[in-house]
Amino acid sequence: MSNKADAAVMDSLHGELAKVLADLLKGSINPETGLPVPPQAAVLSVARQFLKDNGIDGIAKQGTPLHNLANLPVFDEDDDNIIPIRKAQR
């Protein structure tokens, strides 16, 4: 394979992975209960890494899901106190 063919194959693979992740992130419906089933943690982790590897960052604008997530409390592992994530060490 030439470098151009390699690049085309990799571009195609990259695009397919993005499509699969997008579909998996939508979750599914439990056929027995009819209730939504969220994506598995492993899918979320792969999607997060995919976005990070591709330089995709989100801006936590007021009222967006990312903003809401950024304002959730986190636990301080040393003494089990809840501290605001804004003050948490990352």
# chains A, B, ... in the order shown; residues from 1 in each chain; ligands from 1
call {"tool": "residues_around", "arguments": {"residues": "Ala22 in chain A", "least_positions_apart": "2", "cutoff": "12 Å", "atoms": "only C-alpha atoms", "output": "PyMOL selection string"}}
result
chain A and resi 15-20+24-27+39+43-44+46-48+50-51
call {"tool": "write_last_selection", "arguments": {"atoms": "N, CA and C atoms", "output": "PDB file, in the first residue's frame"}}
result
ATOM      1  N   GLY A  15     -13.278   7.656  10.594  1.00  0.00           N
ATOM      2  CA  GLY A  15     -14.673   8.060  10.421  1.00  0.00           C
ATOM      3  C   GLY A  15     -15.653   7.006  10.905  1.00  0.00           C
ATOM      4  N   GLU A  16     -15.352   5.748  10.621  1.00  0.00           N
ATOM      5  CA  GLU A  16     -16.231   4.659  11.070  1.00  0.00           C
ATOM      6  C   GLU A  16     -16.251   4.565  12.589  1.00  0.00           C
ATOM      7  N   LEU A  17     -15.087   4.727  13.213  1.00  0.00           N
ATOM      8  CA  LEU A  17     -15.030   4.699  14.676  1.00  0.00           C
ATOM      9  C   LEU A  17     -15.874   5.829  15.261  1.00  0.00           C
ATOM     10  N   ALA A  18     -15.793   6.997  14.666  1.00  0.00           N
ATOM     11  CA  ALA A  18     -16.598   8.129  15.141  1.00  0.00           C
ATOM     12  C   ALA A  18     -18.092   7.810  15.026  1.00  0.00           C
ATOM     13  N   LYS A  19     -18.504   7.187  13.915  1.00  0.00           N
ATOM     14  CA  LYS A  19     -19.919   6.827  13.734  1.00  0.00           C
ATOM     15  C   LYS A  19     -20.368   5.802  14.761  1.00  0.00           C
ATOM     16  N   VAL A  20     -19.538   4.779  14.983  1.00  0.00           N
ATOM     17  CA  VAL A  20     -19.890   3.734  15.955  1.00  0.00           C
ATOM     18  C   VAL A  20     -20.012   4.329  17.350  1.00  0.00           C
ATOM     19  N   LEU A  24     -23.283   4.388  19.774  1.00  0.00           N
ATOM     20  CA  LEU A  24     -23.252   3.786  21.111  1.00  0.00           C
ATOM     21  C   LEU A  24     -23.569   4.793  22.202  1.00  0.00           C
ATOM     22  N   LEU A  25     -23.182   6.038  22.007  1.00  0.00           N
ATOM     23  CA  LEU A  25     -23.433   7.067  23.008  1.00  0.00           C
ATOM     24  C   LEU A  25     -24.911   7.418  23.130  1.00  0.00           C
ATOM     25  N   LYS A  26     -25.679   7.116  22.107  1.00  0.00           N
ATOM     26  CA  LYS A  26     -27.124   7.367  22.167  1.00  0.00           C
ATOM     27  C   LYS A  26     -27.812   6.422  23.143  1.00  0.00           C
ATOM     28  N   GLY A  27     -27.130   5.327  23.499  1.00  0.00           N
ATOM     29  CA  GLY A  27     -27.730   4.344  24.388  1.00  0.00           C
ATOM     30  C   GLY A  27     -28.713   3.487  23.628  1.00  0.00           C
ATOM     31  N   PRO A  39     -25.255   4.382  27.831  1.00  0.00           N
ATOM     32  CA  PRO A  39     -24.066   3.685  27.346  1.00  0.00           C
ATOM     33  C   PRO A  39     -23.215   3.187  28.510  1.00  0.00           C
ATOM     34  N   VAL A  43     -17.658   2.517  27.024  1.00  0.00           N
ATOM     35  CA  VAL A  43     -17.933   3.291  25.809  1.00  0.00           C
ATOM     36  C   VAL A  43     -17.659   4.763  26.075  1.00  0.00           C
ATOM     37  N   LEU A  44     -18.081   5.255  27.234  1.00  0.00           N
ATOM     38  CA  LEU A  44     -17.832   6.644  27.593  1.00  0.00           C
ATOM     39  C   LEU A  44     -16.329   6.922  27.669  1.00  0.00           C
ATOM     40  N   VAL A  46     -13.875   5.293  26.082  1.00  0.00           N
ATOM     41  CA  VAL A  46     -13.294   5.280  24.736  1.00  0.00           C
ATOM     42  C   VAL A  46     -13.642   6.567  24.000  1.00  0.00           C
ATOM     43  N   ALA A  47     -14.884   7.021  24.128  1.00  0.00           N
ATOM     44  CA  ALA A  47     -15.300   8.255  23.460  1.00  0.00           C
ATOM     45  C   ALA A  47     -14.521   9.454  24.000  1.00  0.00           C
ATOM     46  N   ARG A  48     -14.328   9.498  25.312  1.00  0.00           N
ATOM     47  CA  ARG A  48     -13.561  10.583  25.925  1.00  0.00           C
ATOM     48  C   ARG A  48     -12.133  10.604  25.379  1.00  0.00           C
ATOM     49  N   PHE A  50     -11.070   9.293  22.559  1.00  0.00           N
ATOM     50  CA  PHE A  50     -11.129   9.609  21.134  1.00  0.00           C
ATOM     51  C   PHE A  50     -11.183  11.125  20.933  1.00  0.00           C
ATOM     52  N   LEU A  51     -12.039  11.786  21.708  1.00  0.00           N
ATOM     53  CA  LEU A  51     -12.142  13.243  21.613  1.00  0.00           C
ATOM     54  C   LEU A  51     -10.836  13.915  22.035  1.00  0.00           C
TER      55      LEU A  51
END
call {"tool": "select_by_dssp", "arguments": {"residues": "chain A", "states": "strand (DSSP E)", "output": "ChimeraX atom specification"}}
result
/A:28-29,36-37,73-75,82-84
call {"tool": "write_last_selection", "arguments": {"atoms": "N, CA and C atoms", "output": "compact mmCIF listing (two decimals), in the first residue's frame"}}
result
# COMPACT_ATOMS: atom_id res chain seq x y z
N SER A 28 -29.51 2.76 24.36
CA SER A 28 -30.49 1.86 23.75
C SER A 28 -31.73 1.82 24.62
N ILE A 29 -32.68 1.03 24.17
CA ILE A 29 -33.92 0.84 24.93
C ILE A 29 -33.99 -0.62 25.37
N PRO A 36 -34.92 3.58 28.76
CA PRO A 36 -33.61 3.80 28.15
C PRO A 36 -32.49 3.16 28.96
N VAL A 37 -31.49 2.67 28.25
CA VAL A 37 -30.29 2.10 28.87
C VAL A 37 -29.13 2.99 28.45
N PRO A 73 -20.50 18.12 42.70
CA PRO A 73 -19.49 17.98 43.75
C PRO A 73 -18.62 16.74 43.49
N VAL A 74 -17.43 16.76 44.03
CA VAL A 74 -16.54 15.60 43.96
C VAL A 74 -16.13 15.24 45.38
N PHE A 75 -15.69 14.01 45.56
CA PHE A 75 -15.26 13.57 46.87
C PHE A 75 -13.75 13.71 47.01
N ILE A 82 -17.06 16.32 50.72
CA ILE A 82 -17.46 16.77 49.40
C ILE A 82 -16.93 18.18 49.21
N ILE A 83 -16.23 18.38 48.10
CA ILE A 83 -15.71 19.71 47.80
C ILE A 83 -16.15 20.09 46.40
N PRO A 84 -16.41 21.37 46.16
CA PRO A 84 -16.80 21.78 44.80
C PRO A 84 -15.70 21.45 43.81
